[in-house]
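Below: one structure, written as structure tokens.
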There are 2 protein chains.
Amino acid sequence: MASKRATISDVASLAGVSIATASKALNGRQDVRAATRERVLAAAAELSFQPNALARGLISGQTRTVGLLTSDSVGRFGIPVLLGAEDAFGAGEMAVLLCDARGDAIREQHHVRALLSRRVDGLIVVGESTNPRPSVSKDLPIPVVYAYGPSEDPSDVSFVPDDVGAAAMAVNHLLAMGRRRIAHITGPTHYKATRDREAGLHQALEEAGVAQAGQTLTGPWSQRWGRHAAEMLLMAEPEIDAVFCGSDQIAAGFVETARERGRRVPDDIAVVGYDNWEVLSTETRPALTTVDMNLEVLGRTAAQHLFAAIDGKATPGVHKMPCQLVIRDSTSPPGIS
Amino acid sequence: MASKRATISDVASLAGVSIATASKALNGRQDVRAATRERVLAAAAELSFQPNALARGLISGQTRTVGLLTSDSVGRFGIPVLLGAEDAFGAGEMAVLLCDARGDAIREQHHVRALLSRRVDGLIVVGESTNPRPSVSKDLPIPVVYAYGPSEDPSDVSFVPDDVGAAAMAVNHLLAMGRRRIAHITGPTHYKATRDREAGLHQALEEAGVAQAGQTLTGPWSQRWGRHAAEMLLMAEPEIDAVFCGSDQIAAGFVETARERGRRVPDDIAVVGYDNWEVLSTETRPALTTVDMNLEVLGRTAAQHLFAAIDGKATPGVHKMPCQLVIRDSTSPPGIS
DNA sequence: CTCCTGGACTTAAAGGTTTTCGGAAACGTA
DNA sequence: TACGTTTCCGAAAACCTTTAAGTCCAGGAG
């Protein structure tokens, strides 16, 4: 459609100057008379000139592009991290090259090579869970930052949510609301998230000198499991006054069954979820108090840190990012709701 | 960390040949003796040579990169489309440059310019709703394909779900199950999706010579609205035996309230949702029969079409992609469930 | 008058790869 | 021996931009 794209030499000849002068004028550098600059700018506008980023990158060695390598395309957790990162980059003039390895190590290596070949300035690897994952490759010529799923190698840079702290915060909230018989329903134990959140629960209970009500119940991350666990729990420990759930899905299931069994939430039993998955947490009745991992902030922070690393200053290690407790009706004091 | 990256001239001198020969050997072209090729390949492997995609793109004019421009980062609908596209590209050697305009036209133009400057080979624009949107720009030197949200300009290429057909299919399913008093609860009328789905409903009812039960109820796309509408509907039209809902959220709300009001689903009232948002459609009781828009397929198709357009053969117009009815328990015949 | 200074502009190299074309060697034929 | 053909390889241009270095000129100082 559009005729051949204009190059800087087209602009230069239209303005009647040399290529070098055109370049200087366009980049706002010294040694160009104001009138000349005007002429060049006018010519560039007329030809709607766009500098070729490839040629520019070839010279400078900087492409102003980063790779974003994700393992779980469809994942609930990868997306916000990705958005946060894209946000941080978009503010400047960075671009994001998106790759999805679908959890396959071979494909991941393939993508890393492709990104290297495209001379990206850095790499963000976002995991599908907070379980540590193999380092993407030992000696890459570019900095790498891990988000959500940390690297196994402690000399890499990783950003993860502070699950332990968040769980403790959630449980402390329940304690502050006067609850003392707190049960725990959560996900599979092969998730580090599960173990971390349980650790946070125990830590908070221990500090307060309160015993956990019943055993921790582990199962899949599903609403169905929340309902099933609710039945078991209400049978085994009928006197509980609070439940800390490992996810909003589990919490939603618990709330539903508790209602059906005639337990009032929050009056009889307070419930805290995890993830702040809005379609669940705001639509249950009552709306769920829940932990928000601030994943967009995490992604943005990871991206900003990648900038720093590109500029030379990296701080290795696993950085724990604070989470936030979103307080809604499911933990209101009795009589308020 | 890693020493300076190897160039083809490093490979050539290590193999003891000229740059031209090295290039030919690496690209598997003629006019190279087998033994020479071996030597070059060995040298490349030893230096772990990666051809510089920038230099390559500069010459060929093809970057093997496409831009993916989305308006609603966080959107439920953009994501699967994006994944499908990424999938189609990843199969070849294409890379995806991701941009999020956050629904801002200015930012969108900015991103288009940046992508053009990076010399992408094509552009996919994914919309946040099926409402037609302004064409991204009149005369772009590269092909553009619109996915989910079509362009206002009929000479552009757009791929959208066939909402009319899908709604008709859903209603025909209800009719086939023997339902005759079918009501409709849906979203805001300023969504084309709402209007299309209602059109499909009417088309199917008319063909069958059946009248709609009550007025169409429109409100927000929320579970809350589903509950509210359910109360109104069960009051106004107590004899309905089926409801076609404009989204799974609305359907989930309806089902919940219907249960509470003592109506059995599906025995008394069959329910069909829309979107197949699994966290809702499979976790309601009973699980929802619902329309799956096959958005990943749509995204993949759009990407494949973009390939074709890059190679010169585009077929303008709005292409309606078929949807699929996922049948679950919420529409089983009475007595089966 | 010469020399110097500094501004405004141009020339040319560099960056890494692909590709065209020409060259050289080896071989067969007359 | 002279010539044509085939096979393999290398020199150099091209892609587009940035930048270091160089040219040219006017004007001021000595």
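Each chain of the structure tokens is named A, B, ... in the order shown, its residues numbered from 1; ligands are numbered from 1 in display order.
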Hey, list the chain C side of the contact with chain B: 8 Å cut-off, only C-alpha atoms (C1' of nucleotides), answer as a ChimeraX atom specification. /C:16-18
Just need the residues of chain B within 7 Å of chain A, counting only C-alpha atoms, so spit them out as JSON, numbers by chain. {"B": [1, 2, 50, 51, 52, 53, 54, 55, 58, 73, 83, 95, 96, 97, 98, 117, 118, 139, 140, 141, 223, 224, 283]}
Compile the contact shell of DG28 in chain D as a PDB file with N, CA and C atoms (P, O5', C5', C4', C3', O3' and C1' of nucleotides), in the first residue's frame: residues with an atom at most 12 Å away, counting only C-alpha atoms (C1' of nucleotides), same-chain residues fewer than 5 positions apart removed.
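What follows is the written file selection.pdb:
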```pdb
ATOM      1  P    DC C   3      50.812  31.579   9.433  1.00  0.00           P
ATOM      2  O5'  DC C   3      49.995  31.470  10.799  1.00  0.00           O
ATOM      3  C5'  DC C   3      50.437  32.193  11.948  1.00  0.00           C
ATOM      4  C4'  DC C   3      49.357  32.130  13.000  1.00  0.00           C
ATOM      5  C3'  DC C   3      48.730  30.741  13.156  1.00  0.00           C
ATOM      6  O3'  DC C   3      48.885  30.300  14.488  1.00  0.00           O
ATOM      7  C1'  DC C   3      47.055  32.429  12.995  1.00  0.00           C
ATOM      8  P    DC C   4      48.379  28.820  14.860  1.00  0.00           P
ATOM      9  O5'  DC C   4      47.029  29.155  15.626  1.00  0.00           O
ATOM     10  C5'  DC C   4      47.007  30.255  16.534  1.00  0.00           C
ATOM     11  C4'  DC C   4      45.571  30.553  16.900  1.00  0.00           C
ATOM     12  C3'  DC C   4      44.739  29.312  17.234  1.00  0.00           C
ATOM     13  O3'  DC C   4      44.186  29.464  18.524  1.00  0.00           O
ATOM     14  C1'  DC C   4      43.581  30.720  15.712  1.00  0.00           C
ATOM     15  P    DT C   5      43.452  28.226  19.206  1.00  0.00           P
ATOM     16  O5'  DT C   5      41.942  28.667  19.097  1.00  0.00           O
ATOM     17  C5'  DT C   5      41.579  30.014  19.425  1.00  0.00           C
ATOM     18  C4'  DT C   5      40.103  30.199  19.140  1.00  0.00           C
ATOM     19  C3'  DT C   5      39.260  28.958  19.440  1.00  0.00           C
ATOM     20  O3'  DT C   5      38.170  29.335  20.251  1.00  0.00           O
ATOM     21  C1'  DT C   5      38.843  29.725  17.221  1.00  0.00           C
ATOM     22  P    DG C   6      37.360  28.209  21.044  1.00  0.00           P
ATOM     23  O5'  DG C   6      35.977  28.216  20.263  1.00  0.00           O
ATOM     24  C5'  DG C   6      35.416  29.455  19.852  1.00  0.00           C
ATOM     25  C4'  DG C   6      34.454  29.198  18.722  1.00  0.00           C
ATOM     26  C3'  DG C   6      33.630  27.920  18.897  1.00  0.00           C
ATOM     27  O3'  DG C   6      32.282  28.240  18.626  1.00  0.00           O
ATOM     28  C1'  DG C   6      34.602  27.967  16.764  1.00  0.00           C
TER      29       DG C   6
END
```
Residues of chain D within 8 Å of chain A, counting only C-alpha atoms (C1' of nucleotides) - could you list those as a ChimeraX atom specification? /D:16-18
Assign secondary structure with DSSP using the backbone only, and return the residues of range 109-241 of chain A in alpha helix (DSSP H) as a PDB file with C-alpha atoms, in the first residue's frame.
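Result saved to result-v4.pdb:
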```pdb
ATOM      1  CA  GLN A 109      15.640 -23.063  25.945  1.00  0.00           C
ATOM      2  CA  HIS A 110      14.509 -22.587  22.394  1.00  0.00           C
ATOM      3  CA  HIS A 111      12.851 -19.309  23.303  1.00  0.00           C
ATOM      4  CA  VAL A 112      15.852 -18.120  25.253  1.00  0.00           C
ATOM      5  CA  ARG A 113      18.036 -18.682  22.227  1.00  0.00           C
ATOM      6  CA  ALA A 114      15.590 -16.882  19.974  1.00  0.00           C
ATOM      7  CA  LEU A 115      15.474 -13.929  22.351  1.00  0.00           C
ATOM      8  CA  LEU A 116      19.239 -13.815  22.567  1.00  0.00           C
ATOM      9  CA  SER A 117      19.423 -13.826  18.819  1.00  0.00           C
ATOM     10  CA  ASP A 163       3.212 -15.769  51.614  1.00  0.00           C
ATOM     11  CA  VAL A 164       4.390 -16.409  55.162  1.00  0.00           C
ATOM     12  CA  GLY A 165       3.936 -12.805  56.190  1.00  0.00           C
ATOM     13  CA  ALA A 166       0.611 -12.509  54.413  1.00  0.00           C
ATOM     14  CA  ALA A 167      -0.802 -15.596  56.081  1.00  0.00           C
ATOM     15  CA  ALA A 168       0.346 -14.335  59.468  1.00  0.00           C
ATOM     16  CA  MET A 169      -1.289 -11.011  58.718  1.00  0.00           C
ATOM     17  CA  ALA A 170      -4.550 -12.708  57.798  1.00  0.00           C
ATOM     18  CA  VAL A 171      -4.552 -14.827  60.942  1.00  0.00           C
ATOM     19  CA  ASN A 172      -3.642 -11.867  63.129  1.00  0.00           C
ATOM     20  CA  HIS A 173      -6.656 -10.114  61.692  1.00  0.00           C
ATOM     21  CA  LEU A 174      -8.846 -13.035  62.738  1.00  0.00           C
ATOM     22  CA  LEU A 175      -7.297 -12.966  66.203  1.00  0.00           C
ATOM     23  CA  ALA A 176      -7.862  -9.225  66.430  1.00  0.00           C
ATOM     24  CA  LYS A 192       5.418 -24.051  48.304  1.00  0.00           C
ATOM     25  CA  ALA A 193       2.585 -21.533  48.588  1.00  0.00           C
ATOM     26  CA  THR A 194       0.614 -24.056  50.635  1.00  0.00           C
ATOM     27  CA  ARG A 195       3.514 -24.729  52.990  1.00  0.00           C
ATOM     28  CA  ASP A 196       4.403 -21.044  53.329  1.00  0.00           C
ATOM     29  CA  ARG A 197       0.871 -20.022  54.137  1.00  0.00           C
ATOM     30  CA  GLU A 198       0.581 -22.760  56.713  1.00  0.00           C
ATOM     31  CA  ALA A 199       3.872 -21.636  58.214  1.00  0.00           C
ATOM     32  CA  GLY A 200       2.507 -18.102  58.494  1.00  0.00           C
ATOM     33  CA  LEU A 201      -0.626 -19.409  60.173  1.00  0.00           C
ATOM     34  CA  HIS A 202       1.376 -21.365  62.737  1.00  0.00           C
ATOM     35  CA  GLN A 203       3.680 -18.468  63.363  1.00  0.00           C
ATOM     36  CA  ALA A 204       0.794 -16.125  64.134  1.00  0.00           C
ATOM     37  CA  LEU A 205      -1.025 -18.667  66.285  1.00  0.00           C
ATOM     38  CA  GLU A 206       2.097 -19.472  68.232  1.00  0.00           C
ATOM     39  CA  GLU A 207       2.839 -15.836  68.909  1.00  0.00           C
ATOM     40  CA  ALA A 208      -0.674 -15.420  70.230  1.00  0.00           C
ATOM     41  CA  GLN A 223     -14.419 -24.653  45.117  1.00  0.00           C
ATOM     42  CA  ARG A 224     -15.535 -28.268  45.167  1.00  0.00           C
ATOM     43  CA  TRP A 225     -12.787 -29.102  47.658  1.00  0.00           C
ATOM     44  CA  GLY A 226     -13.832 -26.106  49.729  1.00  0.00           C
ATOM     45  CA  ARG A 227     -17.354 -27.479  49.980  1.00  0.00           C
ATOM     46  CA  HIS A 228     -16.150 -30.985  50.767  1.00  0.00           C
ATOM     47  CA  ALA A 229     -13.673 -29.780  53.380  1.00  0.00           C
ATOM     48  CA  ALA A 230     -16.386 -27.634  54.924  1.00  0.00           C
ATOM     49  CA  GLU A 231     -18.556 -30.674  55.504  1.00  0.00           C
ATOM     50  CA  MET A 232     -15.732 -32.606  57.081  1.00  0.00           C
ATOM     51  CA  LEU A 233     -14.657 -29.686  59.199  1.00  0.00           C
ATOM     52  CA  LEU A 234     -18.098 -28.712  60.458  1.00  0.00           C
ATOM     53  CA  MET A 235     -18.591 -32.306  61.488  1.00  0.00           C
ATOM     54  CA  ALA A 236     -15.232 -32.838  63.157  1.00  0.00           C
TER      55      ALA A 236
END
```
Write out as a list of chain:residue names which residues come within 12 Å of DT5 in chain D when counting only C-alpha atoms (C1' of nucleotides), dropping same-chain ones fewer than 5 positions away. C:DA26, C:DC27, C:DG28, C:DT29
Let me see the file: selected residues, C-alpha atoms (C1' of nucleotides), as an mmCIF file, in the first residue's frame.
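Once everything was written out, this is part_2.cif:
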```cif
data_model
loop_
_atom_site.group_PDB
_atom_site.id
_atom_site.type_symbol
_atom_site.label_atom_id
_atom_site.label_comp_id
_atom_site.auth_asym_id
_atom_site.auth_seq_id
_atom_site.Cartn_x
_atom_site.Cartn_y
_atom_site.Cartn_z
ATOM 1 C "C1'" DA C 26 40.380 -28.766 -11.250
ATOM 2 C "C1'" DC C 27 38.915 -31.490 -14.827
ATOM 3 C "C1'" DG C 28 37.438 -33.041 -19.405
ATOM 4 C "C1'" DT C 29 37.635 -32.461 -24.422
#
```
So which residues touch Pro238 in chain A within 12 Å, counting only C-alpha atoms (C1' of nucleotides), skipping near sequence neighbours fewer than 6 positions away, as a list in words? Arg181, Ile182, Ala183, Ala213, Gly214, Ala230, Glu231, Met232, Ala258, Arg261, Gly262, Arg263, Asp268 and Ile269 of chain A
Report as a list in words all protein, DNA and RNA residues lying within 8 Å of Leu288 in chain A, evaluated on only C-alpha atoms (C1' of nucleotides), omitting residues in the same chain fewer than 2 positions from it.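 After dropping sequence-adjacent residues, the list is Asp248, Ala251, Val271, Val272, Gly273, Ser281, Thr282, Thr284, Arg285, Pro286, Thr290, Ile327, Arg328, Asp329, Ser330 and Thr331 of chain A.
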Extract the full set of strand (DSSP E or B) residues from range 43-148 of chain B according to DSSP on the backbone, and format it as an NGL selection string. :B and (65-70 or 95-100 or 122-126 or 133 or 144-147)
Distance query DA25 in chain C at most 12 Å, only C-alpha atoms (C1' of nucleotides), self and fewer than 6 positions along chain excluded, as a PyMOL selection string: chain D and resi 6-9
Just the selected residues (C-alpha atoms (C1' of nucleotides)), exported as a short mmCIF file (atom, residue, chain, number, x, y, z; two decimals), in the first residue's frame, please.
```cif
data_model
loop_
_atom_site.label_atom_id
_atom_site.label_comp_id
_atom_site.auth_asym_id
_atom_site.auth_seq_id
_atom_site.Cartn_x
_atom_site.Cartn_y
_atom_site.Cartn_z
"C1'" DT D 6 31.98 -27.31 -13.05
"C1'" DT D 7 32.80 -26.61 -8.24
"C1'" DC D 8 34.09 -24.01 -4.49
"C1'" DC D 9 35.24 -19.84 -2.40
#
```
Could you check how far CA of Gly219 in chain B sits from CA of Arg180 in chain B, in Å to one decimal?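 Going from CA of Gly219 in chain B over to CA of Arg180 in chain B, I get 23.9 Å.
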